[in-house]
>>> print(open('work-v5.cif').read())   # mmCIF, C-alpha atoms
data_upload
#
loop_
_atom_site.group_PDB
_atom_site.id
_atom_site.type_symbol
_atom_site.label_atom_id
_atom_site.label_comp_id
_atom_site.auth_asym_id
_atom_site.auth_seq_id
_atom_site.Cartn_x
_atom_site.Cartn_y
_atom_site.Cartn_z
ATOM 1 C CA MET Q 1 93.504 101.436 54.592
ATOM 2 C CA SER Q 2 95.544 100.365 57.619
ATOM 3 C CA ALA Q 3 94.750 99.276 61.165
ATOM 4 C CA THR Q 4 96.238 102.556 62.407
ATOM 5 C CA ARG Q 5 94.022 104.618 60.103
ATOM 6 C CA ILE Q 6 90.936 102.655 61.183
ATOM 7 C CA ALA Q 7 91.839 103.037 64.866
ATOM 8 C CA ASP Q 8 92.542 106.766 64.557
ATOM 9 C CA GLY Q 9 89.284 107.262 62.672
ATOM 10 C CA ALA Q 10 87.376 105.298 65.306
ATOM 11 C CA ILE Q 11 88.858 107.367 68.133
ATOM 12 C CA GLU Q 12 88.019 110.608 66.303
ATOM 13 C CA LEU Q 13 84.480 109.392 65.630
ATOM 14 C CA VAL Q 14 83.763 108.292 69.185
ATOM 15 C CA ASP Q 15 85.318 111.487 70.606
ATOM 16 C CA ARG Q 16 82.822 113.401 68.475
ATOM 17 C CA THR Q 17 79.712 111.194 68.646
ATOM 18 C CA GLY Q 18 80.182 108.886 71.632
ATOM 19 C CA ASP Q 19 79.831 105.700 69.587
ATOM 20 C CA ILE Q 20 81.366 103.638 66.820
ATOM 21 C CA GLN Q 21 79.081 102.215 64.150
ATOM 22 C CA MET Q 22 80.626 100.576 61.127
ATOM 23 C CA VAL Q 23 78.661 102.512 58.492
ATOM 24 C CA GLN Q 24 79.465 105.851 60.147
ATOM 25 C CA LEU Q 25 83.115 104.860 60.540
ATOM 26 C CA ALA Q 26 83.346 103.933 56.857
ATOM 27 C CA ARG Q 27 81.795 107.285 55.943
ATOM 28 C CA HIS Q 28 84.188 109.087 58.322
ATOM 29 C CA LEU Q 29 87.136 107.335 56.665
ATOM 30 C CA GLY Q 30 85.792 108.012 53.176
ATOM 31 C CA VAL Q 31 85.497 104.348 52.217
ATOM 32 C CA ALA Q 32 82.688 101.922 51.466
ATOM 33 C CA PRO Q 33 81.537 99.735 54.387
ATOM 34 C CA SER Q 34 82.591 96.658 52.410
ATOM 35 C CA SER Q 35 86.134 98.036 52.229
ATOM 36 C CA LEU Q 36 86.156 98.534 55.991
ATOM 37 C CA TYR Q 37 84.894 94.992 56.562
ATOM 38 C CA SER Q 38 87.711 93.646 54.410
ATOM 39 C CA HIS Q 39 90.133 94.929 57.086
ATOM 40 C CA VAL Q 40 88.196 94.295 60.317
ATOM 41 C CA THR Q 41 85.603 91.708 61.310
ATOM 42 C CA GLY Q 42 83.280 94.096 63.103
ATOM 43 C CA ARG Q 43 82.700 96.699 65.777
ATOM 44 C CA ALA Q 44 84.433 94.771 68.595
ATOM 45 C CA LYS Q 45 87.605 94.511 66.498
ATOM 46 C CA VAL Q 46 87.483 98.247 65.777
ATOM 47 C CA ILE Q 47 87.139 99.020 69.490
ATOM 48 C CA ASP Q 48 90.060 96.713 70.248
ATOM 49 C CA LEU Q 49 92.160 98.480 67.596
ATOM 50 C CA ALA Q 50 91.191 101.846 69.095
ATOM 51 C CA ARG Q 51 92.237 100.598 72.552
ATOM 52 C CA LEU Q 52 95.593 99.467 71.185
ATOM 53 C CA ARG Q 53 96.137 102.772 69.401
ATOM 54 C CA MET Q 54 95.385 104.695 72.588
ATOM 55 C CA LEU Q 55 97.755 102.508 74.622
ATOM 56 C CA GLU Q 56 100.467 102.959 72.001
ATOM 57 C CA ARG Q 57 100.173 106.719 72.459
ATOM 58 C CA MET Q 58 101.239 106.357 76.087
ATOM 59 C CA GLU Q 59 104.879 106.587 77.025
ATOM 60 C CA PRO Q 60 106.096 102.968 77.142
ATOM 61 C CA LEU Q 61 105.948 101.636 80.689
ATOM 62 C CA GLY Q 62 109.324 99.924 80.448
ATOM 63 C CA PRO Q 63 110.780 97.867 83.270
ATOM 64 C CA ALA Q 64 110.083 99.431 86.646
ATOM 65 C CA HIS Q 65 112.614 99.337 89.440
ATOM 66 C CA ASP Q 66 109.844 99.006 91.978
ATOM 67 C CA TRP Q 67 106.204 97.854 91.888
ATOM 68 C CA ARG Q 68 105.132 101.181 93.434
ATOM 69 C CA GLU Q 69 106.709 103.041 90.525
ATOM 70 C CA ALA Q 70 104.967 100.720 88.061
ATOM 71 C CA VAL Q 71 101.552 101.189 89.691
ATOM 72 C CA ALA Q 72 101.921 104.968 89.965
ATOM 73 C CA ASN Q 73 103.161 105.311 86.390
ATOM 74 C CA LEU Q 74 100.378 103.179 84.922
ATOM 75 C CA LEU Q 75 97.661 104.900 86.936
ATOM 76 C CA ARG Q 76 98.883 108.383 85.983
ATOM 77 C CA GLN Q 77 99.281 107.548 82.301
ATOM 78 C CA LEU Q 78 95.953 105.749 81.951
ATOM 79 C CA THR Q 79 94.135 108.556 83.754
ATOM 80 C CA THR Q 80 95.631 111.174 81.429
ATOM 81 C CA LEU Q 81 94.869 109.046 78.369
ATOM 82 C CA TYR Q 82 91.295 108.276 79.413
ATOM 83 C CA ALA Q 83 90.597 111.893 80.374
ATOM 84 C CA ARG Q 84 91.441 112.888 76.777
ATOM 85 C CA HIS Q 85 89.009 110.304 75.395
ATOM 86 C CA ARG Q 86 86.215 110.056 77.988
ATOM 87 C CA ARG Q 87 83.528 109.148 75.484
ATOM 88 C CA ILE Q 88 85.223 105.885 74.520
ATOM 89 C CA LEU Q 89 85.352 104.564 78.092
ATOM 90 C CA PRO Q 90 81.938 102.837 78.036
ATOM 91 C CA LEU Q 91 82.962 101.036 74.849
ATOM 92 C CA LEU Q 92 86.303 99.934 76.281
ATOM 93 C CA SER Q 93 84.729 98.660 79.478
ATOM 94 C CA THR Q 94 82.290 96.416 77.602
ATOM 95 C CA THR Q 95 84.677 95.015 74.977
ATOM 96 C CA ALA Q 96 87.223 92.321 75.781
ATOM 97 C CA VAL Q 97 90.909 92.969 75.250
ATOM 98 C CA ALA Q 98 91.737 90.569 72.437
ATOM 99 C CA CYS Q 99 94.886 92.043 70.908
ATOM 100 C CA ASN Q 100 98.158 90.555 72.138
ATOM 101 C CA ARG Q 101 99.883 93.913 71.667
ATOM 102 C CA SER Q 102 97.366 95.586 74.006
ATOM 103 C CA ILE Q 103 97.988 92.958 76.661
ATOM 104 C CA ALA Q 104 101.764 93.297 76.178
ATOM 105 C CA VAL Q 105 101.599 96.961 77.218
ATOM 106 C CA TYR Q 106 100.864 95.739 80.746
ATOM 107 C CA GLU Q 107 103.690 93.174 80.892
ATOM 108 C CA PRO Q 108 106.121 95.489 82.769
ATOM 109 C CA MET Q 109 103.431 96.048 85.401
ATOM 110 C CA PHE Q 110 102.872 92.303 85.837
ATOM 111 C CA ALA Q 111 106.644 91.737 86.084
ATOM 112 C CA ALA Q 112 107.060 94.505 88.678
ATOM 113 C CA LEU Q 113 104.243 93.077 90.791
ATOM 114 C CA ILE Q 114 105.785 89.599 90.707
ATOM 115 C CA GLU Q 115 109.179 91.045 91.644
ATOM 116 C CA GLY Q 116 107.459 93.013 94.423
ATOM 117 C CA GLY Q 117 106.174 89.849 96.063
ATOM 118 C CA PHE Q 118 102.533 89.851 95.013
ATOM 119 C CA ARG Q 119 100.893 86.474 94.620
ATOM 120 C CA LEU Q 120 100.189 85.339 91.078
ATOM 121 C CA ASP Q 121 96.449 85.171 91.766
ATOM 122 C CA GLN Q 122 96.516 88.883 92.698
ATOM 123 C CA LEU Q 123 98.192 90.233 89.567
ATOM 124 C CA ARG Q 124 95.187 90.615 87.241
ATOM 125 C CA LEU Q 125 93.117 92.014 90.098
ATOM 126 C CA VAL Q 126 95.719 94.705 90.767
ATOM 127 C CA VAL Q 127 95.943 95.703 87.102
ATOM 128 C CA ALA Q 128 92.147 95.715 86.776
ATOM 129 C CA MET Q 129 91.859 97.877 89.895
ATOM 130 C CA VAL Q 130 94.333 100.375 88.431
ATOM 131 C CA GLU Q 131 92.334 100.396 85.168
ATOM 132 C CA PHE Q 132 89.031 100.960 86.995
ATOM 133 C CA GLN Q 133 90.578 103.704 89.100
ATOM 134 C CA ALA Q 134 91.837 105.454 85.957
ATOM 135 C CA PHE Q 135 88.376 105.141 84.357
ATOM 136 C CA GLY Q 136 86.768 106.760 87.384
ATOM 137 C CA LEU Q 137 89.347 109.516 87.732
ATOM 138 C CA ALA Q 138 89.044 110.406 84.046
ATOM 139 C CA GLN Q 139 85.279 110.793 84.369
ATOM 140 C CA GLY Q 140 85.490 113.017 87.438
ATOM 141 C CA LEU Q 141 83.030 113.363 90.266
ATOM 142 C CA PRO Q 142 79.350 113.166 89.398
ATOM 143 C CA ALA Q 143 77.307 116.271 90.059
ATOM 144 C CA PRO Q 144 76.118 116.076 93.656
ATOM 145 C CA ALA Q 145 72.464 115.771 94.533
ATOM 146 C CA MET Q 146 71.523 118.718 96.737
ATOM 147 C CA SER Q 147 68.280 120.071 98.127
ATOM 148 C CA ASP Q 148 67.165 121.911 101.225
ATOM 149 C CA HIS Q 149 66.037 118.590 102.675
ATOM 150 C CA ILE Q 150 69.471 117.047 102.065
ATOM 151 C CA ARG Q 151 71.198 120.075 103.594
ATOM 152 C CA LYS Q 152 69.043 119.750 106.749
ATOM 153 C CA THR Q 153 69.201 115.980 107.177
ATOM 154 C CA LEU Q 154 72.635 115.002 105.836
ATOM 155 C CA PRO Q 155 75.186 117.427 107.328
ATOM 156 C CA ALA Q 156 78.273 115.256 106.690
ATOM 157 C CA TYR Q 157 77.367 114.767 103.035
ATOM 158 C CA THR Q 158 76.566 118.483 102.724
ATOM 159 C CA ALA Q 159 79.961 119.386 104.192
ATOM 160 C CA SER Q 160 81.673 117.073 101.709
ATOM 161 C CA VAL Q 161 79.866 118.751 98.810
ATOM 162 C CA ASP Q 162 80.503 122.278 100.109
ATOM 163 C CA HIS Q 163 84.217 121.631 100.512
ATOM 164 C CA SER Q 164 85.013 119.651 97.415
ATOM 165 C CA SER Q 165 86.072 120.493 93.921
ATOM 166 C CA TYR Q 166 87.574 118.251 91.293
ATOM 167 C CA ASP Q 167 91.041 118.762 89.930
ATOM 168 C CA LEU Q 168 92.246 115.809 87.867
ATOM 169 C CA ALA Q 169 95.920 116.122 88.832
ATOM 170 C CA THR Q 170 95.152 116.392 92.561
ATOM 171 C CA ALA Q 171 92.643 113.552 92.401
ATOM 172 C CA THR Q 172 95.149 111.388 90.536
ATOM 173 C CA GLU Q 173 97.880 111.901 93.121
ATOM 174 C CA PHE Q 174 95.413 111.228 95.951
ATOM 175 C CA SER Q 175 94.404 108.028 94.183
ATOM 176 C CA VAL Q 176 98.024 106.968 93.573
ATOM 177 C CA ALA Q 177 98.759 107.328 97.293
ATOM 178 C CA MET Q 178 95.592 105.427 98.234
ATOM 179 C CA VAL Q 179 96.171 102.571 95.793
ATOM 180 C CA ILE Q 180 99.836 102.136 96.688
ATOM 181 C CA GLY Q 181 99.055 102.311 100.420
ATOM 182 C CA GLY Q 182 96.334 99.692 100.063
ATOM 183 C CA LEU Q 183 98.512 97.407 97.971
ATOM 184 C CA GLU Q 184 101.374 97.773 100.442
ATOM 185 C CA ALA Q 185 99.065 96.668 103.239
ATOM 186 C CA ILE Q 186 97.988 93.607 101.226
ATOM 187 C CA ARG Q 187 101.553 92.766 100.185
ATOM 188 C CA THR Q 188 102.867 92.830 103.739
ATOM 189 C CA HIS Q 189 100.091 90.537 104.995
ATOM 190 C CA PRO Q 190 100.486 87.411 102.843
ATOM 191 C CA GLY Q 191 97.438 85.707 104.328
ATOM 192 C CA GLY Q 192 95.201 88.587 103.255
ATOM 193 C CA PRO Q 193 93.022 88.875 100.174
#
>>> encode(input="work-v5.cif", output="structure tokens")
Amino acid sequence: MSATRIADGAIELVDRTGDIQMVQLARHLGVAPSSLYSHVTGRAKVIDLARLRMLERMEPLGPAHDWREAVANLLRQLTTLYARHRRILPLLSTTAVACNRSIAVYEPMFAALIEGGFRLDQLRLVVAMVEFQAFGLAQGLPAPAMSDHIRKTLPAYTASVDHSSYDLATATEFSVAMVIGGLEAIRTHPGGP
């Protein structure tokens, strides 16, 4: 039993069932629950291991030459990763990142933002915003509410529904442009948020 095996099993289980419970994970791995607990302290640790394993499957971010490149690369990679494992997103969003190796994945992004002139108090907000954007992109657009009444009384909304479709790659590039444009505006106005 290794951390990698536990993490892979957890990802497989949540991809299939939408949740991770220790007894089911032990059964999925073919071990007794007591054996599983001898390697991990509980569900939160398993989710953190699954997060790390997913992040390790990404291409390493490496040092970026420009903060824009770092933001775009992270947003694209996280979106692709999260789209493959949509069912784990609610678990990731409600479990703290506790593993140093998970945090270290983001270090090149933090360094690029500092080099790009962002204030230190903005760094975690930027990374969190990129994470949240990737979560949303991976989940896609919710099914629109439509009725005859809505069509009659909300023409702008109706037009948006009638002329929209969701393509992950297109949505990702739209989002990359929006995020970078917004960050550029903040970066060039030091007194801003």
>>> resolve_selection(input="work-v5.cif", expression="the PyMOL selection byres ((chain Q and resi 140) around 9)", output="compact mmCIF listing (two decimals) with C-alpha atoms, in the frame of the given file")
# COMPACT_ATOMS: atom_id res chain seq x y z
CA ALA Q 83 90.60 111.89 80.37
CA PHE Q 135 88.38 105.14 84.36
CA GLY Q 136 86.77 106.76 87.38
CA LEU Q 137 89.35 109.52 87.73
CA ALA Q 138 89.04 110.41 84.05
CA GLN Q 139 85.28 110.79 84.37
CA LEU Q 141 83.03 113.36 90.27
CA PRO Q 142 79.35 113.17 89.40
CA TYR Q 166 87.57 118.25 91.29
CA ASP Q 167 91.04 118.76 89.93
CA LEU Q 168 92.25 115.81 87.87
CA ALA Q 171 92.64 113.55 92.40
>>> closest_residue(input="work-v5.cif", among="Q:Leu91, Q:Ala112, Q:Ala26, Q:Ala32", to="Q:His65", atoms="all atoms listed in the file")
Q:Ala112
>>> closest_residue(input="work-v5.cif", among="Q:Ile103, Q:Ile180, Q:Val40, Q:Leu120", to="Q:Ser2", atoms="all atoms listed in the file")
Q:Val40
>>> axis_aligned_box(input="work-v5.cif", around="stretch 14-26 of chain Q", padding_each_side="6 Å", output="lines of an AutoDock Vina configuration file")
center_x = 82.0
center_y = 107.0
center_z = 64.2
size_x = 18.7
size_y = 24.8
size_z = 26.8
>>> resolve_selection(input="work-v5.cif", expression="the PyMOL selection byres ((chain Q and resi 61) around 12)", output="PyMOL selection string")
chain Q and resi 55-60+62-65+67+69-78+104-112
>>> atom_distance(input="work-v5.cif", atom1="atom CA of Q:Asp121", atom2="atom CA of Q:Leu92")
23.7 Å
>>> resolve_selection(input="work-v5.cif", expression="the PyMOL selection byres ((chain Q and resi 161) around 12)", output="list in words")
Leu141, Pro142, Ala143, Pro144, Ala145, Met146, Ser147, Ile150, Arg151, Leu154, Pro155, Ala156, Tyr157, Thr158, Ala159, Ser160, Asp162, His163, Ser164, Ser165 and Tyr166 of chain Q
>>> residues_around(input="work-v5.cif", residues="Q:Ala169", least_positions_apart="4", cutoff="9 Å", atoms="only C-alpha atoms", output="list in words")
Arg76, Thr80, Glu173 and Phe174 of chain Q
>>> closest_residue(input="work-v5.cif", among="Q:Ile11, Q:Met178, Q:Ala44, Q:Met1", to="Q:Thr94", atoms="all atoms listed in the file")
Q:Ala44
>>> closest_residue(input="work-v5.cif", among="Q:Asp15, Q:Gln24, Q:Thr41, Q:Asp148", to="Q:Tyr82", atoms="only C-alpha atoms")
Q:Asp15
>>> closest_residue(input="work-v5.cif", among="Q:His149, Q:His28, Q:His39, Q:His189", to="Q:Phe118", atoms="all atoms listed in the file")
Q:His189
>>> atom_distance(input="work-v5.cif", atom1="atom CA of Q:Gly18", atom2="atom CA of Q:Ser34")
22.9 Å
>>> closest_residue(input="work-v5.cif", among="Q:Thr170, Q:Asp66, Q:Leu89, Q:Asp48", to="Q:Val14", atoms="all atoms listed in the file")
Q:Leu89
>>> atom_distance(input="work-v5.cif", atom1="atom CA of Q:Val179", atom2="atom CA of Q:Asn100")
26.6 Å
>>> residues_around(input="work-v5.cif", residues="Q:Arg5", least_positions_apart="4", cutoff="10 Å", atoms="only C-alpha atoms", output="ChimeraX atom specification")
/Q:1,9-11,29,49-50,53
>>> decode(input="work-v5.cif", residues="stretch 12-156 of chain Q", atoms="C-alpha atoms", output="PDB file, in the first residue's frame")
ATOM      1  CA  GLU Q  12     -11.028   6.163  -9.580  1.00  0.00           C
ATOM      2  CA  LEU Q  13     -13.652   5.757  -6.859  1.00  0.00           C
ATOM      3  CA  VAL Q  14     -14.818   9.364  -6.901  1.00  0.00           C
ATOM      4  CA  ASP Q  15     -14.852   9.424 -10.727  1.00  0.00           C
ATOM      5  CA  ARG Q  16     -17.233   6.468 -10.545  1.00  0.00           C
ATOM      6  CA  THR Q  17     -19.342   7.283  -7.470  1.00  0.00           C
ATOM      7  CA  GLY Q  18     -18.878  10.996  -6.787  1.00  0.00           C
ATOM      8  CA  ASP Q  19     -17.599  10.476  -3.244  1.00  0.00           C
ATOM      9  CA  ILE Q  20     -14.812   8.997  -1.169  1.00  0.00           C
ATOM     10  CA  GLN Q  21     -15.730   6.992   1.917  1.00  0.00           C
ATOM     11  CA  MET Q  22     -13.014   5.104   3.725  1.00  0.00           C
ATOM     12  CA  VAL Q  23     -14.795   1.732   3.847  1.00  0.00           C
ATOM     13  CA  GLN Q  24     -15.618   1.875   0.128  1.00  0.00           C
ATOM     14  CA  LEU Q  25     -12.071   2.976  -0.689  1.00  0.00           C
ATOM     15  CA  ALA Q  26     -10.624   0.073   1.300  1.00  0.00           C
ATOM     16  CA  ARG Q  27     -12.942  -2.313  -0.546  1.00  0.00           C
ATOM     17  CA  HIS Q  28     -11.982  -0.722  -3.891  1.00  0.00           C
ATOM     18  CA  LEU Q  29      -8.299  -1.207  -3.052  1.00  0.00           C
ATOM     19  CA  GLY Q  30      -8.874  -4.758  -1.826  1.00  0.00           C
ATOM     20  CA  VAL Q  31      -7.653  -4.091   1.708  1.00  0.00           C
ATOM     21  CA  ALA Q  32      -9.185  -3.987   5.170  1.00  0.00           C
ATOM     22  CA  PRO Q  33     -10.214  -0.529   6.445  1.00  0.00           C
ATOM     23  CA  SER Q  34      -7.716  -0.909   9.291  1.00  0.00           C
ATOM     24  CA  SER Q  35      -4.929  -1.342   6.735  1.00  0.00           C
ATOM     25  CA  LEU Q  36      -6.021   1.837   4.974  1.00  0.00           C
ATOM     26  CA  TYR Q  37      -6.102   3.745   8.264  1.00  0.00           C
ATOM     27  CA  SER Q  38      -2.552   2.630   8.992  1.00  0.00           C
ATOM     28  CA  HIS Q  39      -1.464   4.711   5.966  1.00  0.00           C
ATOM     29  CA  VAL Q  40      -3.813   7.718   6.152  1.00  0.00           C
ATOM     30  CA  THR Q  41      -5.529   9.480   9.041  1.00  0.00           C
ATOM     31  CA  GLY Q  42      -8.897   9.873   7.362  1.00  0.00           C
ATOM     32  CA  ARG Q  43     -10.979  11.125   4.470  1.00  0.00           C
ATOM     33  CA  ALA Q  44      -9.457  14.637   4.372  1.00  0.00           C
ATOM     34  CA  LYS Q  45      -5.969  13.142   4.023  1.00  0.00           C
ATOM     35  CA  VAL Q  46      -7.171  10.893   1.195  1.00  0.00           C
ATOM     36  CA  ILE Q  47      -8.676  13.880  -0.628  1.00  0.00           C
ATOM     37  CA  ASP Q  48      -5.434  15.803  -0.168  1.00  0.00           C
ATOM     38  CA  LEU Q  49      -3.468  12.851  -1.578  1.00  0.00           C
ATOM     39  CA  ALA Q  50      -5.868  12.685  -4.532  1.00  0.00           C
ATOM     40  CA  ARG Q  51      -5.361  16.422  -5.144  1.00  0.00           C
ATOM     41  CA  LEU Q  52      -1.592  15.970  -5.097  1.00  0.00           C
ATOM     42  CA  ARG Q  53      -1.778  13.007  -7.462  1.00  0.00           C
ATOM     43  CA  MET Q  54      -3.913  14.994  -9.894  1.00  0.00           C
ATOM     44  CA  LEU Q  55      -1.529  17.968  -9.761  1.00  0.00           C
ATOM     45  CA  GLU Q  56       1.432  15.657 -10.330  1.00  0.00           C
ATOM     46  CA  ARG Q  57      -0.231  14.446 -13.524  1.00  0.00           C
ATOM     47  CA  MET Q  58      -0.050  17.962 -14.948  1.00  0.00           C
ATOM     48  CA  GLU Q  59       2.935  19.035 -16.978  1.00  0.00           C
ATOM     49  CA  PRO Q  60       5.242  20.787 -14.487  1.00  0.00           C
ATOM     50  CA  LEU Q  61       4.674  24.534 -14.566  1.00  0.00           C
ATOM     51  CA  GLY Q  62       8.375  25.346 -14.441  1.00  0.00           C
ATOM     52  CA  PRO Q  63       9.689  28.892 -14.317  1.00  0.00           C
ATOM     53  CA  ALA Q  64       7.679  31.207 -16.539  1.00  0.00           C
ATOM     54  CA  HIS Q  65       9.305  33.989 -18.497  1.00  0.00           C
ATOM     55  CA  ASP Q  66       6.272  36.170 -17.975  1.00  0.00           C
ATOM     56  CA  TRP Q  67       3.388  36.253 -15.473  1.00  0.00           C
ATOM     57  CA  ARG Q  68       0.896  36.137 -18.368  1.00  0.00           C
ATOM     58  CA  GLU Q  69       2.421  32.866 -19.548  1.00  0.00           C
ATOM     59  CA  ALA Q  70       2.249  31.476 -16.008  1.00  0.00           C
ATOM     60  CA  VAL Q  71      -1.413  32.442 -15.568  1.00  0.00           C
ATOM     61  CA  ALA Q  72      -2.434  31.115 -18.987  1.00  0.00           C
ATOM     62  CA  ASN Q  73      -0.532  27.860 -18.519  1.00  0.00           C
ATOM     63  CA  LEU Q  74      -1.961  27.195 -15.061  1.00  0.00           C
ATOM     64  CA  LEU Q  75      -5.513  28.035 -16.095  1.00  0.00           C
ATOM     65  CA  ARG Q  76      -5.354  25.806 -19.183  1.00  0.00           C
ATOM     66  CA  GLN Q  77      -3.786  22.879 -17.342  1.00  0.00           C
ATOM     67  CA  LEU Q  78      -6.102  23.031 -14.333  1.00  0.00           C
ATOM     68  CA  THR Q  79      -9.157  23.301 -16.575  1.00  0.00           C
ATOM     69  CA  THR Q  80      -8.110  20.227 -18.565  1.00  0.00           C
ATOM     70  CA  LEU Q  81      -7.310  18.307 -15.380  1.00  0.00           C
ATOM     71  CA  TYR Q  82     -10.548  19.256 -13.628  1.00  0.00           C
ATOM     72  CA  ALA Q  83     -12.653  18.522 -16.713  1.00  0.00           C
ATOM     73  CA  ARG Q  84     -11.327  14.935 -16.622  1.00  0.00           C
ATOM     74  CA  HIS Q  85     -12.304  14.571 -12.959  1.00  0.00           C
ATOM     75  CA  ARG Q  86     -15.401  16.762 -12.516  1.00  0.00           C
ATOM     76  CA  ARG Q  87     -16.900  14.653  -9.756  1.00  0.00           C
ATOM     77  CA  ILE Q  88     -14.011  15.322  -7.377  1.00  0.00           C
ATOM     78  CA  LEU Q  89     -14.339  19.113  -7.590  1.00  0.00           C
ATOM     79  CA  PRO Q  90     -16.830  19.491  -4.711  1.00  0.00           C
ATOM     80  CA  LEU Q  91     -14.491  17.477  -2.493  1.00  0.00           C
ATOM     81  CA  LEU Q  92     -11.446  19.534  -3.458  1.00  0.00           C
ATOM     82  CA  SER Q  93     -13.239  22.815  -2.873  1.00  0.00           C
ATOM     83  CA  THR Q  94     -14.216  21.860   0.683  1.00  0.00           C
ATOM     84  CA  THR Q  95     -10.917  20.304   1.802  1.00  0.00           C
ATOM     85  CA  ALA Q  96      -7.894  22.401   2.724  1.00  0.00           C
ATOM     86  CA  VAL Q  97      -4.642  21.976   0.847  1.00  0.00           C
ATOM     87  CA  ALA Q  98      -2.369  20.535   3.515  1.00  0.00           C
ATOM     88  CA  CYS Q  99       0.366  18.813   1.519  1.00  0.00           C
ATOM     89  CA  ASN Q 100       3.529  20.845   0.979  1.00  0.00           C
ATOM     90  CA  ARG Q 101       4.067  19.147  -2.383  1.00  0.00           C
ATOM     91  CA  SER Q 102       0.630  20.320  -3.575  1.00  0.00           C
ATOM     92  CA  ILE Q 103       1.424  23.883  -2.571  1.00  0.00           C
ATOM     93  CA  ALA Q 104       4.851  23.641  -4.244  1.00  0.00           C
ATOM     94  CA  VAL Q 105       3.194  23.006  -7.617  1.00  0.00           C
ATOM     95  CA  TYR Q 106       2.060  26.638  -7.540  1.00  0.00           C
ATOM     96  CA  GLU Q 107       5.458  28.112  -6.608  1.00  0.00           C
ATOM     97  CA  PRO Q 108       6.402  29.036 -10.220  1.00  0.00           C
ATOM     98  CA  MET Q 109       3.115  30.929 -10.511  1.00  0.00           C
ATOM     99  CA  PHE Q 110       3.775  32.863  -7.294  1.00  0.00           C
ATOM    100  CA  ALA Q 111       7.325  33.663  -8.465  1.00  0.00           C
ATOM    101  CA  ALA Q 112       6.108  34.861 -11.879  1.00  0.00           C
ATOM    102  CA  LEU Q 113       3.513  37.120 -10.266  1.00  0.00           C
ATOM    103  CA  ILE Q 114       6.115  38.660  -7.957  1.00  0.00           C
ATOM    104  CA  GLU Q 115       8.465  39.192 -10.905  1.00  0.00           C
ATOM    105  CA  GLY Q 116       5.539  40.705 -12.830  1.00  0.00           C
ATOM    106  CA  GLY Q 117       5.042  43.413 -10.228  1.00  0.00           C
ATOM    107  CA  PHE Q 118       2.004  42.141  -8.352  1.00  0.00           C
ATOM    108  CA  ARG Q 119       1.767  43.076  -4.702  1.00  0.00           C
ATOM    109  CA  LEU Q 120       2.403  40.304  -2.204  1.00  0.00           C
ATOM    110  CA  ASP Q 121      -1.102  40.662  -0.761  1.00  0.00           C
ATOM    111  CA  GLN Q 122      -2.539  39.930  -4.232  1.00  0.00           C
ATOM    112  CA  LEU Q 123      -0.696  36.685  -4.947  1.00  0.00           C
ATOM    113  CA  ARG Q 124      -2.967  34.160  -3.200  1.00  0.00           C
ATOM    114  CA  LEU Q 125      -6.034  35.954  -4.532  1.00  0.00           C
ATOM    115  CA  VAL Q 126      -4.761  35.645  -8.101  1.00  0.00           C
ATOM    116  CA  VAL Q 127      -3.979  31.939  -7.731  1.00  0.00           C
ATOM    117  CA  ALA Q 128      -7.342  31.302  -6.057  1.00  0.00           C
ATOM    118  CA  MET Q 129      -9.120  33.167  -8.857  1.00  0.00           C
ATOM    119  CA  VAL Q 130      -7.362  31.008 -11.455  1.00  0.00           C
ATOM    120  CA  GLU Q 131      -8.363  27.881  -9.489  1.00  0.00           C
ATOM    121  CA  PHE Q 132     -12.007  28.992  -9.246  1.00  0.00           C
ATOM    122  CA  GLN Q 133     -12.067  29.860 -12.932  1.00  0.00           C
ATOM    123  CA  ALA Q 134     -10.735  26.398 -13.806  1.00  0.00           C
ATOM    124  CA  PHE Q 135     -13.364  24.781 -11.546  1.00  0.00           C
ATOM    125  CA  GLY Q 136     -16.130  26.676 -13.313  1.00  0.00           C
ATOM    126  CA  LEU Q 137     -14.819  26.049 -16.814  1.00  0.00           C
ATOM    127  CA  ALA Q 138     -14.474  22.323 -16.128  1.00  0.00           C
ATOM    128  CA  GLN Q 139     -18.099  22.113 -15.011  1.00  0.00           C
ATOM    129  CA  GLY Q 140     -19.434  23.952 -18.052  1.00  0.00           C
ATOM    130  CA  LEU Q 141     -22.489  26.133 -18.329  1.00  0.00           C
ATOM    131  CA  PRO Q 142     -25.539  25.106 -16.335  1.00  0.00           C
ATOM    132  CA  ALA Q 143     -28.614  24.200 -18.329  1.00  0.00           C
ATOM    133  CA  PRO Q 144     -30.526  27.417 -18.949  1.00  0.00           C
ATOM    134  CA  ALA Q 145     -33.954  28.011 -17.495  1.00  0.00           C
ATOM    135  CA  MET Q 146     -36.362  28.659 -20.360  1.00  0.00           C
ATOM    136  CA  SER Q 147     -40.109  29.047 -20.647  1.00  0.00           C
ATOM    137  CA  ASP Q 148     -42.523  30.957 -22.828  1.00  0.00           C
ATOM    138  CA  HIS Q 149     -42.777  33.573 -20.091  1.00  0.00           C
ATOM    139  CA  ILE Q 150     -38.986  33.986 -20.000  1.00  0.00           C
ATOM    140  CA  ARG Q 151     -38.836  34.231 -23.795  1.00  0.00           C
ATOM    141  CA  LYS Q 152     -41.468  37.019 -23.751  1.00  0.00           C
ATOM    142  CA  THR Q 153     -40.148  39.020 -20.807  1.00  0.00           C
ATOM    143  CA  LEU Q 154     -36.367  38.534 -20.930  1.00  0.00           C
ATOM    144  CA  PRO Q 155     -35.255  39.076 -24.547  1.00  0.00           C
ATOM    145  CA  ALA Q 156     -31.559  39.699 -23.776  1.00  0.00           C
TER     146      ALA Q 156
END
